[in-house]
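Here is the structure we will look at.
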Amino acid sequence: MTGNDGQEDLRGTRVGIADVRRLEDTVAELRAVDYRYGGGACRAAVETRLPAAVALLDGVTKTVVLARLCTAVADLYNLAGWTNFDQDRPAAALAAFTRALEFAVRAGNDDLQANIRYRTGRLHLHYGAVDAALAEFERGRDAAVQARSTLAQAILSANQAWAHAKKADVSAALTYLRRAREEFAEAAGREPSPWAEFFGPNDMAAMIGTVHGELAQVVDIRHGRDGIPALAEAIAGYGKGMTRSRSLTLIWLATVHALDGDLDVASAVGEEAIALAAALRSPRTRQRLNSLSAAARRYSGNADARDIADRVDALGHSGQ
């Protein structure tokens with residue numbers, strides 16, 4: 001039976017655990033595309049699947065299946081929010097995160113609620129609403145504690161550190177970063193949830209470097225130097241499946257070197273970062289190149305610095 005939109009009408013049918021597993025597999029496949037190619041490579045596919053996923057709920061007869069299905073639907077909305085954010089569509093992203101949270105609450109899944117709050121906070125952080133980001137991270141942390149998920153706590157603590165770094169609060173940034181490292185170590189060996197499994201040693205290292213890189217921009221370059229080993233570690237660990245993360249981390253490493261006047265290294269690292277950003281369907285990643293360009297423009301008389309700024313400008317003017 002099909003509805004007016006041509007999609008299968010699942011109302012009145014019995015939905016079981018096999019249907020839920022298929023949805024979970026679909027979310028995992030789409031998330032892998034997002035990591036590797038950017039949100040623009042799968043946002044439409046994610047959003048197309050939302051109505052049918054929600055319709056599955058009408059066919060559930062068992063409570064245990066309903067909770068797991070609500071979690072899967074919540075995570076699909078969570079991915080819709082993230083891919084919209086990556087596509088510079090903040091209003092659509094926030095709407096999707098709101099729906100994700102509704103289904104996660106319905107499922108009673110505190111761990112997923114923590115992840116949705118983290119991603120919502122990241123959106124606010126990207127657009128400069130640091131206090132709003134901190135509020136989301138704090139709510140996420142409460143959910144992570146409720147879920148007894150030390151990995152979720154580590155993710156929230158690391159992002160709280162980043163937010164405090166943006167506010168030039170060195171003490172708070174380093175305190176939260178230290179807590180994130182301790183929580184991450186405590187989480188070792190535990191099976192991560194699908195929405196949080198990205199946060200392995202590479203991402204922990206990338207966040208350490210990110211916090212230090214942010215402090216280098218707003219406080220003192222010496223903080224950036226402290227973060228260089230962590231950034232290099234993360235970059236070395238990222239494979240082809242995490243292209244966007246590799247590009248974002250390369251941007252930080254190039255920025256730190258540019259801030260420090262190490263412009264030949266900044267140019268070499270920046271070249272790869274810009275090339276990856278150009279290949280990704282991720283406006284968010286290209287926007288992050290602005291920090292590298294700003295750092296390079298401090299040395300307008302240097303040929304390497306001009307080359308970095310010109311490359312970033314050329315990418316921005318390409319309309320990609």
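Residues in the structure tokens are named by chain (A, B, ... in the order shown) and by number from 1 within that chain; ligands are numbered from 1 in the order shown.
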Which residues of region 67-144 of chain A come within 12 Å of region 170-194 of chain A, and for each one, what is the closest pair of atoms and their distance in Å to one decimal, counting only C-alpha atoms, sorted by chain and residue number, as JSON lines?
```
{"residue": "A:Thr71", "atom": "CA", "partner": "A:Pro194", "partner_atom": "CA", "distance": 11.0}
{"residue": "A:Ala72", "atom": "CA", "partner": "A:Pro194", "partner_atom": "CA", "distance": 10.1}
{"residue": "A:Asp75", "atom": "CA", "partner": "A:Pro194", "partner_atom": "CA", "distance": 9.0}
{"residue": "A:Leu76", "atom": "CA", "partner": "A:Pro194", "partner_atom": "CA", "distance": 11.3}
{"residue": "A:Asn78", "atom": "CA", "partner": "A:Pro194", "partner_atom": "CA", "distance": 11.7}
{"residue": "A:Leu79", "atom": "CA", "partner": "A:Pro194", "partner_atom": "CA", "distance": 11.3}
{"residue": "A:Asn109", "atom": "CA", "partner": "A:Ser193", "partner_atom": "CA", "distance": 11.1}
{"residue": "A:Asp110", "atom": "CA", "partner": "A:Ser193", "partner_atom": "CA", "distance": 11.6}
{"residue": "A:Asp111", "atom": "CA", "partner": "A:Ser193", "partner_atom": "CA", "distance": 8.1}
{"residue": "A:Leu112", "atom": "CA", "partner": "A:Ser193", "partner_atom": "CA", "distance": 8.3}
{"residue": "A:Gln113", "atom": "CA", "partner": "A:Ser193", "partner_atom": "CA", "distance": 11.9}
{"residue": "A:Ala114", "atom": "CA", "partner": "A:Ser193", "partner_atom": "CA", "distance": 11.5}
{"residue": "A:Asn115", "atom": "CA", "partner": "A:Ser193", "partner_atom": "CA", "distance": 9.8}
{"residue": "A:Leu134", "atom": "CA", "partner": "A:Ala173", "partner_atom": "CA", "distance": 12.0}
{"residue": "A:Phe137", "atom": "CA", "partner": "A:Tyr176", "partner_atom": "CA", "distance": 11.8}
{"residue": "A:Glu138", "atom": "CA", "partner": "A:Tyr176", "partner_atom": "CA", "distance": 11.9}
{"residue": "A:Arg141", "atom": "CA", "partner": "A:Ala180", "partner_atom": "CA", "distance": 11.5}
{"residue": "A:Ala144", "atom": "CA", "partner": "A:Glu183", "partner_atom": "CA", "distance": 11.4}
```
Q) Could you pull out the alpha helix (DSSP H) residues of region 92-228 of chain A from DSSP and send them as a PyMOL selection string? A) chain A and resi 92-107+110-126+130-147+150-166+170-187+201-218+221-228
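With CA of Arg246 (chain A) on one side and CA of Arg122 (chain A) on the other, the separation reads 17.6 Å.
Among the candidates A:Ala234, A:Ala163, A:Ala216, A:Leu276, the one nearest to Asn202 (chain A) when counting only C-alpha atoms is A:Ala234.
CA of Cys70 (chain A) sits 5.5 Å away from CA of Phe103 (chain A).
Of the listed residues A:Val46, A:Asn302, A:Ile116, A:Ala273, the one whose atoms come nearest to Glu29 (chain A) is A:Val46, with distances taken using only C-alpha atoms.
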(Q) Could you tell me how far CA of Val256 (chain A) sits from CA of Leu231 (chain A), in Å to one decimal place? (A) 9.9 Å
**Q.** Residue contacts of region 249-255 of chain A (6 Å, only C-alpha atoms) excluding same-chain residues fewer than 5 positions away, as a ChimeraX atom specification
**A.** /A:266,269-270,273,292
Selection export as a short mmCIF file (atom, residue, chain, number, x, y, z; two decimals), in the first residue's frame, atoms kept: N, CA and C atoms:
```cif
data_model
loop_
_atom_site.label_atom_id
_atom_site.label_comp_id
_atom_site.auth_asym_id
_atom_site.auth_seq_id
_atom_site.Cartn_x
_atom_site.Cartn_y
_atom_site.Cartn_z
N ALA A 266 52.76 26.96 7.67
CA ALA A 266 51.34 27.28 7.57
C ALA A 266 50.85 27.15 6.14
N VAL A 269 50.71 23.27 5.22
CA VAL A 269 49.58 22.62 5.88
C VAL A 269 48.27 23.18 5.35
N GLY A 270 48.23 24.49 5.18
CA GLY A 270 47.02 25.12 4.69
C GLY A 270 46.63 24.67 3.30
N ALA A 273 44.65 21.59 3.74
CA ALA A 273 43.38 21.92 4.38
C ALA A 273 42.40 22.54 3.39
N LEU A 292 42.06 31.02 9.41
CA LEU A 292 43.39 30.86 8.82
C LEU A 292 43.75 32.09 7.98
#
```
